[in-house]
Amino acid sequence: MLLKSEFFVGDVLKIAPELLGKVLVKRDGATDIRMVINEVEAYDGESDKACHASRGRTPRTEVMYGPAGHWYVYLVYGMHYMLNIVTGEIGYPSAVLIRGTFEVSGPGRLSKALGVDMSFNSKESSGTTGLWIEDGYNISSSCKVEATERVGVDYADEWAKKPYRFLLKDHLVS
């Protein structure tokens with residue numbers, strides 16, 4: 001079942017770990033590619049120095065201030081697209097970076113495997129846009145969810161050390 005935009009309204013630090021075990025789906029012609037999310041990172045507003053919105057509202061970050069359940073896609077190092085889902089209330093910039101799935105590790109590799117590019121930026125997560133998240137697996141009580149520091153944000157001072165990266169180790173149940 002497709003996650004509606006209401007799922008993404010709320011605190012990014014609550015929503016990010018709830019995405020673990022959900023299924024990222026990309027429509028590729030007549031085929032749907034499905035991958036189970038096992039790694040995410042939360043970015044929480046203008047005070048979060050690792051968040052793109054820490055420098056305020058810009059054309060690049062405008063989508064983060066918009067409605068929850070829309071994609072925020074950007075290019076890093078001129079070659080890797082990063083796929084994020086906007087969370088929270090309109091006007092508050094927060095998003096969750098989809099860092100990996102059980103099938104593909106790493107946010108750049110994941111976007112490449114799915115064919116995600118800037119054409120998805122600011123689009124709604126839905127069947128009509130061809131990229132969405134479905135309710136997937138429940139996390140069993142014996143499953144280990146680990147919260148760690150985010151990756152590659154050393155420039156963010158104390159914000160680099162916050163445990164805003166969530167990893168799902170194993171034990172999914174349907």
# chains A, B, ... in the order shown; residues from 1 in each chain; ligands from 1
$ select_by_dssp --residues "chain A" --states "strand (DSSP E)" --output "ChimeraX atom specification"
/A:23-28,31-44,71-76,80-86,94-101,131-134,138-139,145-148,165-168,172-173
$ closest_atom_pairs --of "range 58-144 of chain A" --to "range 37-40 of chain A" --cutoff "6 Å" --atoms "only C-alpha atoms" --output "JSON lines"
{"residue": "A:Leu97", "atom": "CA", "partner": "A:Val40", "partner_atom": "CA", "distance": 5.5}
{"residue": "A:Ile98", "atom": "CA", "partner": "A:Val40", "partner_atom": "CA", "distance": 4.7}
{"residue": "A:Arg99", "atom": "CA", "partner": "A:Val40", "partner_atom": "CA", "distance": 4.9}
{"residue": "A:Gly100", "atom": "CA", "partner": "A:Glu39", "partner_atom": "CA", "distance": 4.9}
{"residue": "A:Thr101", "atom": "CA", "partner": "A:Ile37", "partner_atom": "CA", "distance": 4.2}
{"residue": "A:Phe102", "atom": "CA", "partner": "A:Asn38", "partner_atom": "CA", "distance": 6.0}
$ write_last_selection --atoms "N, CA and C atoms" --output "PDB file, in the first residue's frame"
ATOM      1  N   LEU A  97      17.038  11.513   3.872  1.00  0.00           N
ATOM      2  CA  LEU A  97      17.846  10.981   2.777  1.00  0.00           C
ATOM      3  C   LEU A  97      17.724   9.466   2.788  1.00  0.00           C
ATOM      4  N   ILE A  98      17.366   8.885   1.654  1.00  0.00           N
ATOM      5  CA  ILE A  98      17.335   7.429   1.519  1.00  0.00           C
ATOM      6  C   ILE A  98      18.765   7.009   1.167  1.00  0.00           C
ATOM      7  N   ARG A  99      19.477   6.458   2.139  1.00  0.00           N
ATOM      8  CA  ARG A  99      20.897   6.123   1.959  1.00  0.00           C
ATOM      9  C   ARG A  99      21.108   4.754   1.344  1.00  0.00           C
ATOM     10  N   GLY A 100      20.171   3.832   1.567  1.00  0.00           N
ATOM     11  CA  GLY A 100      20.402   2.506   1.024  1.00  0.00           C
ATOM     12  C   GLY A 100      19.223   1.575   1.219  1.00  0.00           C
ATOM     13  N   THR A 101      19.317   0.453   0.516  1.00  0.00           N
ATOM     14  CA  THR A 101      18.321  -0.615   0.611  1.00  0.00           C
ATOM     15  C   THR A 101      19.079  -1.924   0.814  1.00  0.00           C
ATOM     16  N   PHE A 102      18.357  -2.986   1.090  1.00  0.00           N
ATOM     17  CA  PHE A 102      19.024  -4.278   1.195  1.00  0.00           C
ATOM     18  C   PHE A 102      19.644  -4.669  -0.149  1.00  0.00           C
TER      19      PHE A 102
END
$ atom_distance --atom1 "CA of Arg150 in chain A" --atom2 "CA of Glu41 in chain A"
6.5 Å
$ residues_around --residues "range 28-33 of chain A" --least-positions-apart "5" --cutoff "9 Å" --atoms "only C-alpha atoms" --output "MDAnalysis selection string"
chainID A and resid 114:115 130
$ select_by_dssp --residues "range 11-168 of chain A" --states "helix (DSSP H, G or I)" --output "MDAnalysis selection string"
chainID A and resid 12:18 52:55 62:65 107:114 118:120 154:161
$ residues_around --residues "Tyr43 in chain A" --least-positions-apart "5" --cutoff "12 Å" --atoms "only C-alpha atoms" --output "short mmCIF file (atom, residue, chain, number, x, y, z; two decimals) with C-alpha atoms, in the first residue's frame"
data_model
loop_
_atom_site.label_atom_id
_atom_site.label_comp_id
_atom_site.auth_asym_id
_atom_site.auth_seq_id
_atom_site.Cartn_x
_atom_site.Cartn_y
_atom_site.Cartn_z
CA ASP A 11 8.92 15.10 13.31
CA VAL A 12 11.67 13.96 10.93
CA LEU A 13 13.40 12.09 13.78
CA LYS A 14 10.27 9.98 14.26
CA ILE A 15 9.57 9.46 10.55
CA ALA A 16 13.15 8.53 9.51
CA ASP A 48 20.70 21.68 11.74
CA LYS A 49 24.05 22.72 10.28
CA ALA A 50 24.18 19.56 8.14
CA CYS A 51 20.80 20.38 6.54
CA HIS A 52 20.83 22.27 3.24
CA ALA A 53 18.24 24.63 4.75
CA SER A 54 20.76 25.78 7.38
CA MET A 64 12.06 21.31 1.65
CA TYR A 72 13.99 16.51 -2.78
CA ASN A 84 15.27 12.62 -0.08
CA ILE A 85 11.62 12.65 1.00
CA VAL A 86 10.33 15.90 2.52
CA THR A 87 8.80 15.62 5.99
CA GLY A 88 7.15 17.90 8.52
CA TYR A 92 9.58 23.83 8.18
CA PRO A 93 12.45 22.40 6.10
CA SER A 94 13.15 18.78 6.95
CA ALA A 95 13.79 15.68 4.89
CA VAL A 96 15.01 12.11 5.04
CA LEU A 97 17.85 10.98 2.78
CA ILE A 98 17.33 7.43 1.52
CA GLU A 149 26.29 9.76 13.28
CA ARG A 150 25.49 10.90 9.74
CA VAL A 151 28.00 10.31 6.96
CA VAL A 153 28.89 16.04 7.23
CA ALA A 156 28.50 20.64 10.53
CA TRP A 159 25.51 18.48 14.28
CA ALA A 160 27.79 15.95 12.59
CA LYS A 162 24.02 13.71 16.22
CA PRO A 163 22.62 10.17 15.86
CA TYR A 164 20.40 11.02 12.89
CA ARG A 165 21.41 8.07 10.69
CA PHE A 166 19.24 4.98 11.12
#
$ atom_distance --atom1 "CA of Arg27 in chain A" --atom2 "CA of Phe120 in chain A"
12.3 Å
$ closest_residue --among "A:Ala113, A:Ser122, A:Leu131, A:Phe8" --to "Lys26 in chain A" --atoms "only C-alpha atoms"
A:Leu131
